[in-house]
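Let me begin by presenting the structure, written as structure tokens, before commenting on it.
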Amino acid sequence: MTRKQFAMGCVLAAVAAAVSAADTLYLRDGEQHPGTLKKMSVDRVWFETPEGLLEYPKTDVLKVQLQRARQYDAVETVAQITDPDLKACLEALPGREAYPAAGYVTLLRRQTLDLRTDGVVKETVRHIALILQQRGEDVATTNVWYFEDTDEPRVDFALTVTPEGRVLHLSDAALKSESIYSRLPEYQRLARLRFACKEPRPGSVIDVQYTVERKRGGPFEPVYFTAVFHGQEPVERQEVVVLTPEDGARTIASDLYAPEAVVAAPDGQAGTWKLTEPRHGLPTEPFMPPLTHIGPTLTLAEMASWEDLGQAYGRALTELPPLSGALTARAKELAAAGGAEAIRNFVARTVQTVPVPQWHFRIVPHDPNATAQRGVANELDKNALYWRMLEAAGLEARFALVRSREAGPWPANTPSLGVFDRSAVYLPAQDAFTTAESDLLPFGVLPGSVQGAQAMVFPYGTDSLRLTQRPEPAAEHDATRFEAGLSDDGTLALTVTYTASGNGQAAYRSLKDLDEQALRNQLTQLAAYLHPSAVLESYEVSDLADVSAPPVLTLRCRIPEYAVKAGDELLMFTLPAVSYSAHLVGRPAREFGLFWDHVATETTEGAITLPEGYAVYSLPGNVTFESEVANYRAQLAEKNGTVTFNDVYTLNVDQAPASAYPEYKQCVERRAGLARQRIILTRTN
């Protein structure tokens with residue numbers, strides 16, 4: 001390199017350094033300049049840029065974005081990097097061929113929990129990732145979640161190492177803080193700090209570290225942490241480090257699900273959990289279990305006992321204000337008319353549900369009186385109101401916290417109220433859990449995610465930890481009934497009636513909020529789903545808001561050329577109102593288990609009146625299939641010019657191991673195969 005080239009390189013490096021860590025001046029005419037704010041007066045601004053000192057009237061300046069100093073700001077090229085973790089990652093970058101299907105690969109993810117200060121959790125997250133292809137560029141965007149009233153987030157650094165060896169730094173202009181529930185003042189607590197690293201593109205390495213100091217402690221704001229050692233994209237190295245006081249004043253319990261993939265190496269009061277070997281990304285499969293059921297999952301919590309936690313939460317519930325006289329009178333009136341069901345339906349209908357999970361705000365409910373007056377609440381608050389109204393009416397009821405099935409296996413060694421993400425109300429007289437969360441489901445029907453789930457009921461006692469009820473498949477029933485008449489020109493007059501019990505009702509009841517035109521549009525699409533040529537002629541819908549009666553939906557359609565002529569003698573068609581598919585079991589095998597919302601029974605029955613002058617030449621054969629996971633039975637028959645059909649499909653379980661997939665696949669394929677077979681008629685005159 002010549003002396004002139006060296007000098008020019010120094011100048012360019014100095015300019016780059018000035019720009020990378022620069023403040024930014026924004027002018028009202030749209031111009032912006034990187035540099036450094038030198039000084040301000042009452043009416044003037046002086047701003048140093050690589051081109052020189054600029055002076056502007058304050059009236060011309062929109063704003064000045066000051067750049068915060070961060071770790072590694074002085075590093076401008078890959079040769080200047082001294083951090084051992086980043087250097088090690090850059091020296092051993094995997095080739096594109098190592099992960100041909102991945103968008104990016106995590107080279108290092110380290111989560112450090114510093115518990116050495118009483119009542120505080122200092123959480124530091126370091127994430128280094130290599131972008132492999134364009135769809136992996138989203139890894140450059142980071143969300144830092146925190147509570148506005150108790151947590152303090154900061155970005156320690158956010159670097160991009162480009163393929164050419166440049167090191168780019170985060171601009172404060174790219175930082176944005178957002179309150180997640182700003183439109184719901186009663187639940188405004190959760191927020192996120194969002195930012196994006198510069199120049200994310202294939203070959204770039206993203207290195208981000210942020211720290212959040214969280215005020216945590218006690219049963220209602222516990223130290224509770226869950227990490228899954230797996231992800232949609234590959235992970236080469238992942239670890240969790242916990243730092244506790246040397247005197248043992250603050251101890252942590254742990255649960256490790258699937259421990260063979262993670263090694264724990266305690267070091268005095270510190271603990272480190274490491275991924276033992278790289279893990280490839282998750283291939284997406286139908287009926288995928290939640291990530292907490294697939295990847296190794298580590299749960300950490302403050303040392304506690306279920307008894308202490310249960311009694312503390314029980315005391316918090318008793319400290320809620322008593323119901324007002326008006327609400328008490330209303331509860332007694334409802335109970336006299338319809339018992340617990342009437343009170344549940346009142347709360348479900350009159351209080352609008354907002355999707356604020358209880359751990360996005362707090363686990364102790366609001367004052368039930370305020371919930372009723374507000375008319376808007378999350379599941380926790382609605383169930384608290386429901387419970388208090390039952391008690392006010394003299395009905396025995398116990399409030400319950402529930403761990404949904406999606407939350408993962410029960411962490412037996414880490415008692416914490418943080419394990420519960422849902423709520424319900426337990427009725428001892430019926431030995432059943434109920435919930436007022438949804439006005440789409442009737443009394444006694446639990447959402448599938450909380451069926452057969454772990455629960456804690458209050459007041460706390462020896463019977464507090466229990467499972468919610470898990471219904472039989474017959475209770476989760478979707479039924480279809482059709483009446484069809486076929487003309488000799490192939491036109492089909494079709495009437496289809498749908499009804500459901502259990503969770504299947506929700507899809508039908510969601511139509512209750514549509515106006516007449518929107519409802520017709522939805523049902524026109526449903527008719528087209530039955531057959532592309534279907535013309536919706538009329539429909540009937542029951543009172544979908546009445547959860548005491550099953551929803552009923554009836555469509556009347558006309559389908560021209562439904563049956564196909566084969567010469568002058570034959571007429572062929574498939575079963576109407578039957579559209580089973582096997583596309584979800586197209587894979588020959590699975591890597592992961594199967595997971596469904598709930599058990600289910602689906603039935604279809606109907607009759608097809610044949611045109612005069614035709615008789616049945618061929619019918620599909622009857623089908624019988626049974627397995628531990630799913631059963632299917634179908635029967636067809638012809639009598640006096642009418643073809644009758646009925647079938648029953650039963651999903652016996654809500655989850656199953658991958659080894660059960662072949663039987664399930666065979667069941668679904670047998671069912672779908674019947675729907676594709678033709679009924680053939682022959683002319684008789």
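To be explicit about the labels: the chains of the structure tokens are called A, B, and onward in the order shown, and within each one the residues are counted from 1, while ligands get numbers from 1 in the order they are shown.
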Give me, as an MDAnalysis selection string, the residues of segment 231-410 of chain A that a backbone DSSP run labels alpha helix (DSSP H). chainID A and resid 291:294 306:318 325:350 368:374 379:392
Which residues, written as a list in words, have at least one atom at most 10 Å from Glu307 of chain A, with only C-alpha atoms counted and residues fewer than 6 positions away on the same chain left out?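 After dropping sequence-adjacent residues, the list is Tyr313, Pro415, Tyr460, Gly461, Thr462 and Ser464 of chain A.
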Using only C-alpha atoms for the distances, tell me which of A:Leu86, A:Ala335, A:Val351, A:Leu323 is nearest to Pro368 of chain A. A:Leu323
Which residue, A:Pro588, A:Pro611, A:Pro442, A:Pro163, has the smallest gap to Val547 of chain A when you use only C-alpha atoms?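 Closest to Val547 of chain A of all the choices is A:Pro442.
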Give me the residues near Val262 of chain A as an mmCIF file with N, CA and C atoms, in the first residue's frame, where near means some atom within 12 Å (using only C-alpha atoms) and where sequence neighbours in that chain fewer than 6 positions away do not count.
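Generated file (result_14.cif):
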```cif
data_model
loop_
_atom_site.group_PDB
_atom_site.id
_atom_site.type_symbol
_atom_site.label_atom_id
_atom_site.label_comp_id
_atom_site.auth_asym_id
_atom_site.auth_seq_id
_atom_site.Cartn_x
_atom_site.Cartn_y
_atom_site.Cartn_z
ATOM 1 N N ALA A 227 -36.788 -21.411 29.061
ATOM 2 C CA ALA A 227 -36.008 -21.360 27.822
ATOM 3 C C ALA A 227 -36.177 -22.682 27.091
ATOM 4 N N VAL A 228 -36.406 -22.598 25.789
ATOM 5 C CA VAL A 228 -36.508 -23.788 24.949
ATOM 6 C C VAL A 228 -35.249 -23.872 24.094
ATOM 7 N N PHE A 229 -34.544 -24.992 24.169
ATOM 8 C CA PHE A 229 -33.297 -25.173 23.428
ATOM 9 C C PHE A 229 -33.599 -25.740 22.041
ATOM 10 N N HIS A 230 -34.354 -24.981 21.292
ATOM 11 C CA HIS A 230 -34.752 -25.385 19.953
ATOM 12 C C HIS A 230 -35.375 -24.163 19.300
ATOM 13 N N ARG A 237 -25.213 -23.191 19.135
ATOM 14 C CA ARG A 237 -24.750 -23.095 20.520
ATOM 15 C C ARG A 237 -25.751 -22.271 21.316
ATOM 16 N N GLN A 238 -26.212 -22.824 22.427
ATOM 17 C CA GLN A 238 -27.156 -22.115 23.285
ATOM 18 C C GLN A 238 -26.866 -22.458 24.730
ATOM 19 N N GLU A 239 -26.966 -21.466 25.585
ATOM 20 C CA GLU A 239 -26.718 -21.707 26.998
ATOM 21 C C GLU A 239 -27.476 -20.715 27.861
ATOM 22 N N VAL A 240 -27.778 -21.163 29.062
ATOM 23 C CA VAL A 240 -28.412 -20.326 30.081
ATOM 24 C C VAL A 240 -27.493 -20.322 31.293
ATOM 25 N N ASP A 255 -36.206 -27.186 36.451
ATOM 26 C CA ASP A 255 -36.807 -28.351 35.806
ATOM 27 C C ASP A 255 -36.250 -28.421 34.407
ATOM 28 N N LEU A 256 -35.801 -29.591 33.996
ATOM 29 C CA LEU A 256 -35.264 -29.761 32.651
ATOM 30 C C LEU A 256 -36.005 -30.897 31.974
ATOM 31 N N THR A 272 -25.096 -23.391 34.953
ATOM 32 C CA THR A 272 -25.004 -23.202 33.514
ATOM 33 C C THR A 272 -25.614 -24.417 32.830
ATOM 34 N N TRP A 273 -26.522 -24.153 31.910
ATOM 35 C CA TRP A 273 -27.146 -25.213 31.122
ATOM 36 C C TRP A 273 -26.770 -24.980 29.666
ATOM 37 N N LYS A 274 -26.214 -26.002 29.026
ATOM 38 C CA LYS A 274 -25.718 -25.843 27.661
ATOM 39 C C LYS A 274 -26.318 -26.903 26.750
ATOM 40 N N LEU A 275 -26.549 -26.501 25.514
ATOM 41 C CA LEU A 275 -26.965 -27.441 24.483
ATOM 42 C C LEU A 275 -25.783 -28.349 24.168
ATOM 43 N N THR A 276 -26.002 -29.663 24.183
ATOM 44 C CA THR A 276 -24.891 -30.589 24.019
ATOM 45 C C THR A 276 -24.396 -30.689 22.582
ATOM 46 N N GLU A 277 -25.265 -30.446 21.615
ATOM 47 C CA GLU A 277 -24.874 -30.513 20.211
ATOM 48 C C GLU A 277 -25.809 -29.629 19.397
ATOM 49 N N PRO A 278 -25.383 -29.189 18.228
ATOM 50 C CA PRO A 278 -26.248 -28.324 17.408
ATOM 51 C C PRO A 278 -27.574 -29.001 17.093
ATOM 52 N N ARG A 279 -28.600 -28.169 16.949
ATOM 53 C CA ARG A 279 -29.922 -28.679 16.612
ATOM 54 C C ARG A 279 -30.380 -28.038 15.310
ATOM 55 N N GLY A 295 -38.837 -29.239 21.943
ATOM 56 C CA GLY A 295 -37.449 -28.966 22.289
ATOM 57 C C GLY A 295 -37.177 -29.167 23.767
ATOM 58 N N PRO A 296 -35.918 -29.380 24.125
ATOM 59 C CA PRO A 296 -35.547 -29.399 25.542
ATOM 60 C C PRO A 296 -35.941 -28.079 26.191
ATOM 61 N N THR A 297 -36.625 -28.145 27.321
ATOM 62 C CA THR A 297 -37.166 -26.952 27.969
ATOM 63 C C THR A 297 -36.641 -26.852 29.388
ATOM 64 N N LEU A 298 -36.069 -25.701 29.708
ATOM 65 C CA LEU A 298 -35.546 -25.423 31.044
ATOM 66 C C LEU A 298 -36.475 -24.435 31.737
#
```
May I have the residues within 6 Å of segment 524-534 of chain A as a list in words, using only C-alpha atoms and disregarding those fewer than 2 positions away in the same chain? Arg520, Asn521, Gln522, Leu536, Arg558, Ile559 and Ala577 of chain A
Residues of segment 36-146 of chain A classed as strand (DSSP E or B) by DSSP on the backbone are to be reported as number ranges by chain. A: 36-40, 44-49, 52-57, 61-65, 77, 104-114, 120-131, 141-146
